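S.K.: As input, take coords.cif (mmCIF, C-alpha atoms; chains and numbers go by the auth columns):
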```cif
data_model
#
loop_
_atom_site.group_PDB
_atom_site.id
_atom_site.type_symbol
_atom_site.label_atom_id
_atom_site.label_comp_id
_atom_site.label_asym_id
_atom_site.label_seq_id
_atom_site.Cartn_x
_atom_site.Cartn_y
_atom_site.Cartn_z
_atom_site.B_iso_or_equiv
_atom_site.auth_seq_id
_atom_site.auth_asym_id
ATOM 1 C CA MET A 1 32.998 100.610 0.400 0.00 115 A
ATOM 2 C CA PRO A 2 34.731 97.176 0.550 0.00 116 A
ATOM 3 C CA VAL A 3 35.249 95.454 -2.772 0.00 117 A
ATOM 4 C CA PRO A 4 36.725 92.036 -3.737 0.00 118 A
ATOM 5 C CA LYS A 5 40.487 92.223 -4.127 0.00 119 A
ATOM 6 C CA ARG A 6 40.663 89.596 -6.877 0.00 120 A
ATOM 7 C CA LYS A 7 38.544 88.604 -9.814 0.00 121 A
ATOM 8 C CA THR A 8 36.967 85.181 -9.127 0.00 122 A
ATOM 9 C CA SER A 9 38.974 82.760 -11.228 0.00 123 A
ATOM 10 C CA LYS A 10 37.326 80.367 -13.685 0.00 124 A
ATOM 11 C CA SER A 11 38.451 77.494 -11.496 0.00 125 A
ATOM 12 C CA VAL A 12 36.942 78.870 -8.294 0.00 126 A
ATOM 13 C CA GLY A 13 33.690 79.849 -9.989 0.00 127 A
ATOM 14 C CA ARG A 14 33.329 76.434 -11.558 0.00 128 A
ATOM 15 C CA LYS A 15 34.149 74.649 -8.310 0.00 129 A
ATOM 16 C CA ARG A 16 31.441 76.632 -6.576 0.00 130 A
ATOM 17 C CA ARG A 17 28.952 75.597 -9.232 0.00 131 A
ATOM 18 C CA THR A 18 29.703 71.867 -8.965 0.00 132 A
ATOM 19 C CA HIS A 19 26.928 71.694 -6.391 0.00 133 A
ATOM 20 C CA GLN A 20 24.310 73.221 -8.698 0.00 134 A
ATOM 21 C CA LYS A 21 22.752 70.107 -10.128 0.00 135 A
ATOM 22 C CA THR A 22 19.454 69.095 -11.551 0.00 136 A
ATOM 23 C CA SER A 23 17.983 65.821 -10.433 0.00 137 A
ATOM 24 C CA ALA A 24 16.032 63.269 -12.365 0.00 138 A
ATOM 25 C CA PRO A 25 12.252 63.376 -11.825 0.00 139 A
ATOM 26 C CA ASN A 26 10.669 60.691 -9.703 0.00 140 A
ATOM 27 C CA VAL A 27 9.032 58.148 -11.919 0.00 141 A
ATOM 28 C CA SER A 28 6.647 55.381 -10.991 0.00 142 A
ATOM 29 C CA THR A 29 4.789 52.859 -13.102 0.00 143 A
ATOM 30 C CA CYS A 30 1.172 53.219 -14.076 0.00 144 A
ATOM 31 C CA SER A 31 -1.022 50.705 -12.289 0.00 145 A
ATOM 32 C CA GLU A 32 -3.279 50.412 -15.347 0.00 146 A
ATOM 33 C CA CYS A 33 -0.891 50.061 -18.269 0.00 147 A
ATOM 34 C CA GLY A 34 2.519 49.631 -16.649 0.00 148 A
ATOM 35 C CA GLU A 35 4.089 52.529 -18.526 0.00 149 A
ATOM 36 C CA PRO A 36 6.375 54.858 -16.586 0.00 150 A
ATOM 37 C CA LYS A 37 4.495 57.895 -15.294 0.00 151 A
ATOM 38 C CA GLU A 38 5.173 60.950 -13.187 0.00 152 A
ATOM 39 C CA MET A 39 4.053 60.706 -9.591 0.00 153 A
ATOM 40 C CA HIS A 40 0.779 62.361 -8.597 0.00 154 A
ATOM 41 C CA ARG A 41 -0.052 63.008 -12.236 0.00 155 A
ATOM 42 C CA ALA A 42 -2.270 61.281 -14.729 0.00 156 A
ATOM 43 C CA CYS A 43 -0.588 58.655 -16.926 0.00 157 A
ATOM 44 C CA LYS A 44 0.236 60.095 -20.331 0.00 158 A
ATOM 45 C CA ALA A 45 0.079 56.694 -21.996 0.00 159 A
ATOM 46 C CA CYS A 46 -3.389 55.573 -20.941 0.00 160 A
ATOM 47 C CA GLY A 47 -4.845 58.766 -19.462 0.00 161 A
ATOM 48 C CA THR A 48 -5.866 57.309 -16.129 0.00 162 A
ATOM 49 C CA TYR A 49 -5.211 58.464 -12.589 0.00 163 A
ATOM 50 C CA LYS A 50 -5.932 56.150 -9.656 0.00 164 A
ATOM 51 C CA GLY A 51 -7.974 53.868 -11.871 0.00 165 A
ATOM 52 C CA ARG A 52 -10.154 56.633 -13.213 0.00 166 A
ATOM 53 C CA LYS A 53 -10.121 57.857 -16.811 0.00 167 A
ATOM 54 C CA VAL A 54 -8.992 61.472 -16.798 0.00 168 A
ATOM 55 C CA ILE A 55 -7.770 62.301 -20.289 0.00 169 A
ATOM 56 C CA GLN A 56 -9.023 60.949 -23.578 0.00 170 A
ATOM 57 C CA ILE A 57 -6.082 59.414 -25.440 0.00 171 A
ATOM 58 C CA ASP A 58 -6.697 59.201 -29.178 0.00 172 A
ATOM 59 C CA GLU A 59 -5.577 55.637 -29.961 0.00 173 A
ATOM 60 C CA ASP A 60 -8.197 53.851 -27.845 0.00 174 A
ATOM 61 C CA MET B 1 2.203 90.123 6.999 0.00 1105 B
ATOM 62 C CA ARG B 2 -0.226 88.027 5.080 0.00 1106 B
ATOM 63 C CA HIS B 3 -2.084 86.676 8.064 0.00 1107 B
ATOM 64 C CA ARG B 4 -5.593 85.605 7.108 0.00 1108 B
ATOM 65 C CA LYS B 5 -5.222 86.833 3.560 0.00 1109 B
ATOM 66 C CA SER B 6 -6.380 83.899 1.499 0.00 1110 B
ATOM 67 C CA GLY B 7 -6.332 83.635 -2.242 0.00 1111 B
ATOM 68 C CA VAL B 8 -3.765 84.186 -4.937 0.00 1112 B
ATOM 69 C CA LYS B 9 -2.854 87.306 -6.862 0.00 1113 B
ATOM 70 C CA LEU B 10 -1.442 85.674 -9.995 0.00 1114 B
ATOM 71 C CA SER B 11 0.364 88.902 -10.960 0.00 1115 B
ATOM 72 C CA ARG B 12 -2.895 90.479 -12.010 0.00 1116 B
ATOM 73 C CA THR B 13 -4.854 93.502 -10.948 0.00 1117 B
ATOM 74 C CA SER B 14 -7.945 92.699 -8.958 0.00 1118 B
ATOM 75 C CA SER B 15 -10.218 93.562 -11.867 0.00 1119 B
ATOM 76 C CA HIS B 16 -8.203 91.381 -14.219 0.00 1120 B
ATOM 77 C CA ARG B 17 -8.261 88.521 -11.733 0.00 1121 B
ATOM 78 C CA LYS B 18 -11.978 88.836 -11.123 0.00 1122 B
ATOM 79 C CA ALA B 19 -12.745 88.910 -14.827 0.00 1123 B
ATOM 80 C CA MET B 20 -10.560 85.883 -15.417 0.00 1124 B
ATOM 81 C CA PHE B 21 -12.161 83.768 -12.701 0.00 1125 B
ATOM 82 C CA ARG B 22 -15.629 84.791 -13.832 0.00 1126 B
ATOM 83 C CA ASN B 23 -14.764 83.567 -17.302 0.00 1127 B
ATOM 84 C CA MET B 24 -13.266 80.377 -15.927 0.00 1128 B
ATOM 85 C CA VAL B 25 -16.175 79.508 -13.658 0.00 1129 B
ATOM 86 C CA THR B 26 -18.527 80.089 -16.593 0.00 1130 B
ATOM 87 C CA SER B 27 -16.468 77.743 -18.749 0.00 1131 B
ATOM 88 C CA LEU B 28 -16.320 75.138 -16.007 0.00 1132 B
ATOM 89 C CA PHE B 29 -20.100 74.913 -15.693 0.00 1133 B
ATOM 90 C CA LYS B 30 -20.529 75.048 -19.441 0.00 1134 B
ATOM 91 C CA HIS B 31 -18.070 72.274 -20.268 0.00 1135 B
ATOM 92 C CA GLU B 32 -18.037 70.186 -17.037 0.00 1136 B
ATOM 93 C CA SER B 33 -14.244 70.161 -16.963 0.00 1137 B
ATOM 94 C CA ILE B 34 -11.499 72.516 -18.042 0.00 1138 B
ATOM 95 C CA ASN B 35 -7.728 72.363 -18.377 0.00 1139 B
ATOM 96 C CA THR B 36 -5.830 75.033 -16.519 0.00 1140 B
ATOM 97 C CA THR B 37 -2.798 75.529 -14.332 0.00 1141 B
ATOM 98 C CA ASP B 38 -2.731 73.998 -10.860 0.00 1142 B
ATOM 99 C CA VAL B 39 -2.785 77.335 -9.100 0.00 1143 B
ATOM 100 C CA LYS B 40 -5.723 78.695 -11.050 0.00 1144 B
ATOM 101 C CA ALA B 41 -7.587 75.416 -10.618 0.00 1145 B
ATOM 102 C CA LYS B 42 -7.165 75.530 -6.867 0.00 1146 B
ATOM 103 C CA GLU B 43 -8.453 79.084 -6.690 0.00 1147 B
ATOM 104 C CA LEU B 44 -11.291 78.285 -9.069 0.00 1148 B
ATOM 105 C CA ARG B 45 -12.637 75.713 -6.592 0.00 1149 B
ATOM 106 C CA LYS B 46 -13.777 78.517 -4.323 0.00 1150 B
ATOM 107 C CA TRP B 47 -15.687 80.216 -7.105 0.00 1151 B
ATOM 108 C CA ALA B 48 -17.305 76.984 -8.248 0.00 1152 B
ATOM 109 C CA ASP B 49 -18.284 75.947 -4.726 0.00 1153 B
ATOM 110 C CA SER B 50 -19.920 79.275 -3.980 0.00 1154 B
ATOM 111 C CA MET B 51 -21.887 79.143 -7.242 0.00 1155 B
ATOM 112 C CA ILE B 52 -23.144 75.651 -6.479 0.00 1156 B
ATOM 113 C CA THR B 53 -24.097 76.703 -2.977 0.00 1157 B
ATOM 114 C CA LEU B 54 -26.191 79.461 -4.519 0.00 1158 B
ATOM 115 C CA ALA B 55 -27.688 77.023 -6.989 0.00 1159 B
ATOM 116 C CA LYS B 56 -28.664 74.614 -4.238 0.00 1160 B
ATOM 117 C CA ARG B 57 -30.376 77.440 -2.388 0.00 1161 B
ATOM 118 C CA GLY B 58 -32.196 78.111 -5.616 0.00 1162 B
ATOM 119 C CA ASP B 59 -34.283 81.190 -4.768 0.00 1163 B
ATOM 120 C CA LEU B 60 -34.548 84.285 -6.908 0.00 1164 B
ATOM 121 C CA HIS B 61 -31.994 86.262 -4.952 0.00 1165 B
ATOM 122 C CA ALA B 62 -29.490 83.424 -5.233 0.00 1166 B
ATOM 123 C CA ARG B 63 -30.115 83.251 -8.954 0.00 1167 B
ATOM 124 C CA ARG B 64 -29.456 86.962 -9.321 0.00 1168 B
ATOM 125 C CA GLN B 65 -26.286 86.668 -7.279 0.00 1169 B
ATOM 126 C CA ALA B 66 -25.101 83.869 -9.555 0.00 1170 B
ATOM 127 C CA LEU B 67 -26.012 85.896 -12.641 0.00 1171 B
ATOM 128 C CA SER B 68 -23.766 88.654 -11.359 0.00 1172 B
ATOM 129 C CA VAL B 69 -20.793 86.300 -11.486 0.00 1173 B
ATOM 130 C CA ILE B 70 -21.407 83.779 -14.249 0.00 1174 B
ATOM 131 C CA LYS B 71 -21.237 85.510 -17.602 0.00 1175 B
ATOM 132 C CA GLU B 72 -23.778 83.438 -19.543 0.00 1176 B
ATOM 133 C CA LYS B 73 -27.417 83.324 -18.494 0.00 1177 B
ATOM 134 C CA ASP B 74 -28.021 79.902 -20.027 0.00 1178 B
ATOM 135 C CA VAL B 75 -25.258 78.425 -17.906 0.00 1179 B
ATOM 136 C CA VAL B 76 -26.803 79.823 -14.720 0.00 1180 B
ATOM 137 C CA HIS B 77 -30.263 78.534 -15.499 0.00 1181 B
ATOM 138 C CA LYS B 78 -28.952 75.097 -16.426 0.00 1182 B
ATOM 139 C CA LEU B 79 -26.901 74.975 -13.231 0.00 1183 B
ATOM 140 C CA PHE B 80 -29.890 75.960 -11.100 0.00 1184 B
ATOM 141 C CA GLU B 81 -31.958 73.239 -12.756 0.00 1185 B
ATOM 142 C CA GLU B 82 -29.435 70.488 -12.134 0.00 1186 B
ATOM 143 C CA ALA B 83 -27.663 71.413 -8.929 0.00 1187 B
ATOM 144 C CA GLN B 84 -30.431 70.548 -6.471 0.00 1188 B
ATOM 145 C CA GLU B 85 -30.394 66.837 -7.256 0.00 1189 B
ATOM 146 C CA ARG B 86 -26.939 66.484 -8.663 0.00 1190 B
ATOM 147 C CA PHE B 87 -25.142 67.828 -5.610 0.00 1191 B
ATOM 148 C CA ALA B 88 -27.774 66.901 -3.034 0.00 1192 B
ATOM 149 C CA ALA B 89 -25.589 64.295 -1.365 0.00 1193 B
ATOM 150 C CA ILE B 90 -22.462 66.461 -1.301 0.00 1194 B
ATOM 151 C CA SER B 91 -21.900 69.421 0.991 0.00 1195 B
ATOM 152 C CA GLY B 92 -18.938 71.316 -0.369 0.00 1196 B
ATOM 153 C CA GLY B 93 -16.013 70.144 -2.436 0.00 1197 B
ATOM 154 C CA TYR B 94 -17.918 69.951 -5.669 0.00 1198 B
ATOM 155 C CA THR B 95 -14.852 69.824 -7.888 0.00 1199 B
ATOM 156 C CA ARG B 96 -12.017 67.418 -8.488 0.00 1200 B
ATOM 157 C CA ILE B 97 -8.538 68.446 -9.610 0.00 1201 B
ATOM 158 C CA THR B 98 -6.193 65.998 -11.325 0.00 1202 B
ATOM 159 C CA LYS B 99 -2.699 66.986 -12.349 0.00 1203 B
ATOM 160 C CA ILE B 100 -1.864 66.087 -15.910 0.00 1204 B
ATOM 161 C CA GLY B 101 1.692 67.253 -16.518 0.00 1205 B
ATOM 162 C CA PHE B 102 3.602 70.332 -17.545 0.00 1206 B
ATOM 163 C CA ARG B 103 2.736 72.873 -20.212 0.00 1207 B
ATOM 164 C CA ALA B 104 5.050 73.197 -23.185 0.00 1208 B
ATOM 165 C CA GLY B 105 6.430 76.708 -23.303 0.00 1209 B
ATOM 166 C CA ASP B 106 6.595 77.694 -19.665 0.00 1210 B
ATOM 167 C CA ALA B 107 6.557 74.307 -17.910 0.00 1211 B
ATOM 168 C CA ALA B 108 3.603 75.354 -15.774 0.00 1212 B
ATOM 169 C CA SER B 109 2.022 72.448 -13.939 0.00 1213 B
ATOM 170 C CA MET B 110 -1.334 71.810 -15.589 0.00 1214 B
ATOM 171 C CA SER B 111 -4.388 70.085 -14.254 0.00 1215 B
ATOM 172 C CA ILE B 112 -7.952 69.209 -15.123 0.00 1216 B
ATOM 173 C CA ILE B 113 -10.669 70.585 -12.885 0.00 1217 B
ATOM 174 C CA GLU B 114 -14.044 68.899 -13.180 0.00 1218 B
ATOM 175 C CA LEU B 115 -17.362 68.796 -11.399 0.00 1219 B
ATOM 176 C CA VAL B 116 -18.010 65.756 -9.252 0.00 1220 B
ATOM 177 C CA GLY B 117 -21.341 64.061 -8.886 0.00 1221 B
ATOM 178 C CA PRO B 118 -23.214 62.095 -11.539 0.00 1222 B
ATOM 179 C CA LYS B 119 -23.386 63.898 -14.832 0.00 1223 B
ATOM 180 C CA PRO B 120 -26.891 64.690 -16.073 0.00 1224 B
ATOM 181 C CA ALA B 121 -27.922 62.206 -18.750 0.00 1225 B
ATOM 182 C CA ALA B 122 -28.124 64.699 -21.585 0.00 1226 B
ATOM 183 C CA LYS B 123 -24.620 65.945 -20.920 0.00 1227 B
ATOM 184 C CA THR B 124 -22.774 62.639 -21.176 0.00 1228 B
ATOM 185 C CA ALA B 125 -23.489 62.238 -24.895 0.00 1229 B
ATOM 186 C CA LYS B 126 -20.971 64.636 -26.374 0.00 1230 B
ATOM 187 C CA LYS B 127 -22.145 64.259 -29.954 0.00 1231 B
ATOM 188 C CA LYS B 128 -25.635 65.542 -29.282 0.00 1232 B
ATOM 189 C CA PRO B 129 -25.604 69.326 -28.965 0.00 1233 B
ATOM 190 C CA ALA B 130 -29.346 69.429 -28.314 0.00 1234 B
ATOM 191 C CA ALA B 131 -28.922 69.071 -24.580 0.00 1235 B
ATOM 192 C CA LYS B 132 -30.496 72.401 -23.779 0.00 1236 B
ATOM 193 C CA ALA B 133 -33.756 71.647 -25.566 0.00 1237 B
ATOM 194 C CA VAL B 134 -34.671 69.062 -22.962 0.00 1238 B
ATOM 195 C CA SER B 135 -35.617 71.530 -20.269 0.00 1239 B
ATOM 196 C CA ALA B 136 -37.541 69.411 -17.809 0.00 1240 B
ATOM 197 C CA SER B 137 -35.160 66.505 -18.212 0.00 1241 B
ATOM 198 C CA PRO B 138 -36.140 63.428 -16.216 0.00 1242 B
ATOM 199 C CA ALA B 139 -33.884 62.284 -13.395 0.00 1243 B
ATOM 200 C CA PRO B 140 -30.318 62.654 -14.646 0.00 1244 B
ATOM 201 C CA GLU B 141 -28.669 59.288 -14.437 0.00 1245 B
ATOM 202 C CA VAL B 142 -25.337 58.073 -15.632 0.00 1246 B
ATOM 203 C CA LYS B 143 -25.678 56.068 -18.810 0.00 1247 B
ATOM 204 C CA PRO B 144 -24.849 52.394 -18.308 0.00 1248 B
ATOM 205 C CA GLU B 145 -22.187 52.211 -21.021 0.00 1249 B
ATOM 206 C CA VAL B 146 -20.304 55.141 -19.602 0.00 1250 B
ATOM 207 C CA GLU B 147 -17.821 54.155 -16.927 0.00 1251 B
ATOM 208 C CA PRO B 148 -19.088 55.098 -13.475 0.00 1252 B
ATOM 209 C CA GLU B 149 -17.706 58.135 -11.762 0.00 1253 B
ATOM 210 C CA VAL B 150 -15.691 57.254 -8.681 0.00 1254 B
#
```
How would this structure read if it were set down as structure tokens?
M.R.:
Amino acid sequence: MPVPKRKTSKSVGRKRRTHQKTSAPNVSTCSECGEPKEMHRACKACGTYKGRKVIQIDED
Amino acid sequence: MRHRKSGVKLSRTSSHRKAMFRNMVTSLFKHESINTTDVKAKELRKWADSMITLAKRGDLHARRQALSVIKEKDVVHKLFEEAQERFAAISGGYTRITKIGFRAGDAASMSIIELVGPKPAAKTAKKKPAAKAVSASPAPEVKPEVEPEV
């Protein structure tokens, strides 16, 4: 059965992993309160989604 | 091949899955809206829609079929009382799902699933638990101070 001739060096392994990246989430602004919010999700600051109250936020 | 196999397994046995969705659909009709994961919410729609279809039919056989799914009798009878007028104008798609973020712990995408249509008047006042006492409740209308459902 064929096997690798050499151990993969630290350098080669790390170079391979340079392309494994996380990306920042897409963020938009809430149309109600202007706070940054995740797209397609209810605003965590004011609890609305598309102008409709979805979650009860305590402070108001 | 999974051709024409609809539904989700959710890593559960079929009995576990059935029991879970029966519990969830009971909770949904009891509390109007529940928080759950996206995937469960999307599957729950089917259960909720079929229950409301039975409730709109409203005969004894339909009621017994609903009783065989929904785990609390009171919930079934309340649903059968309301559904005729509440969902009269809607034919299918009786629930609304809104995503609300990610769960701490396993980062599962969570959402709120709720019933659409005007809420019956007794149900909107959360502080009054005596909603059930009013059996023959007059036309359920949204209270004026409550923001209108879109």
S.K.: For this file, the PyMOL selection byres ((chain A and resi 161-168) around 9) selects which residues, as a PyMOL selection string?
M.R.: (chain A and resi 144-146+154-160+169-171) or (chain B and resi 1202-1204+1216+1251+1253-1254)
S.K.: Between CA of Lys1109 in chain B and CA of Trp1151 in chain B, what is the distance in Å, rounded to a tenth?
M.R.: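 Spanning CA of Lys1109 in chain B to CA of Trp1151 in chain B is a straight-line distance of 16.3 Å.
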S.K.: Kindly extract all protein, DNA and RNA residues lying within 9 Å of the coordinates (-1.4, 71.1, -16.7) given in the file, considering all atoms listed in the file, and supply them as a ChimeraX atom specification.
M.R.: /B:1139-1142,1202-1207,1211-1216
S.K.: Using Å and a single decimal, report how far CA of Ala1145 in chain B sits from CA of Lys1122 in chain B.
M.R.: 14.1 Å
S.K.: If you count all atoms listed in the file, which residues fall within 9 Å of Gln1188 in chain B, apart from same-chain ones fewer than 5 positions away, as a PyMOL selection string?
M.R.: chain B and resi 1156+1159-1162+1183
S.K.: Quick one, how far is CA of Ile1201 in chain B from CA of Thr136 in chain A?
M.R.: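 Going from CA of Ile1201 in chain B over to CA of Thr136 in chain A, I get 28.1 Å.
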S.K.: I need the residue nearest Lys1175 in chain B from this list: B:Met1105, B:Ile1217, B:Leu1132, B:Ile1194. Use all atoms listed in the file for the distance.
M.R.: B:Leu1132
S.K.: Could you check which of B:Ile1174, B:Ala1193, B:Ala1187, B:Val1179 is closest to His1135 in chain B, using only C-alpha atoms?
M.R.: B:Val1179
S.K.: Could you check the closest approach to chain A for each of B:Ile1138, B:Ala1123, B:Leu1171, B:Val1129 and tell me which residue wins, using only C-alpha atoms?
M.R.: B:Ile1138
S.K.: As AutoDock Vina command-line options, please report the centre and edge lengths, rounded to one decimal in Å, of the axis-aligned box that holds all listed atoms of range 1141-1150 of chain B with 4 Å of padding on each of the six sides.
M.R.:
```
--center_x -8.3 --center_y 76.5 --center_z -9.3 --size_x 19.0 --size_y 13.1 --size_z 18.0
```
S.K.: When you look at Met153 in chain A with a cut-off of 9 Å (counting only C-alpha atoms), what residues show up, excluding the ones that are within fewer than 3 positions of it in the same chain? I need them as a ChimeraX atom specification.
M.R.: /A:139-143,156-157
S.K.: Name the residues captured by the PyMOL selection byres ((chain B and resi 1199) around 6) when it is applied to the shown file; answer as a short mmCIF file (atom, residue, chain, number, x, y, z; two decimals) with C-alpha atoms, in the frame of the given file.
M.R.:
```cif
data_model
loop_
_atom_site.label_atom_id
_atom_site.label_comp_id
_atom_site.auth_asym_id
_atom_site.auth_seq_id
_atom_site.Cartn_x
_atom_site.Cartn_y
_atom_site.Cartn_z
CA GLY B 1197 -16.01 70.14 -2.44
CA TYR B 1198 -17.92 69.95 -5.67
CA ARG B 1200 -12.02 67.42 -8.49
CA GLU B 1218 -14.04 68.90 -13.18
CA LEU B 1219 -17.36 68.80 -11.40
CA VAL B 1220 -18.01 65.76 -9.25
#
```
S.K.: Out of B:Val1143, B:Val1173, B:Leu1164, B:Val1180, which residue has the shortest atom-to-atom distance to Lys1113 in chain B when counting only C-alpha atoms?
M.R.: B:Val1143
S.K.: From the options B:Phe1184, B:Arg1149, B:Ser1137, B:Ala1208, which residue's atoms come nearest to chain A, counting all atoms listed in the file?
M.R.: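 Nearest candidate to chain A out of B:Phe1184, B:Arg1149, B:Ser1137, B:Ala1208: B:Ser1137.
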S.K.: Mind checking which residues fall within 7 Å of Gly1221 in chain B, counting only C-alpha atoms, ignoring those fewer than 2 positions away in the same chain, and posting them as a ChimeraX atom specification?
M.R.: /B:1190-1191,1219,1223
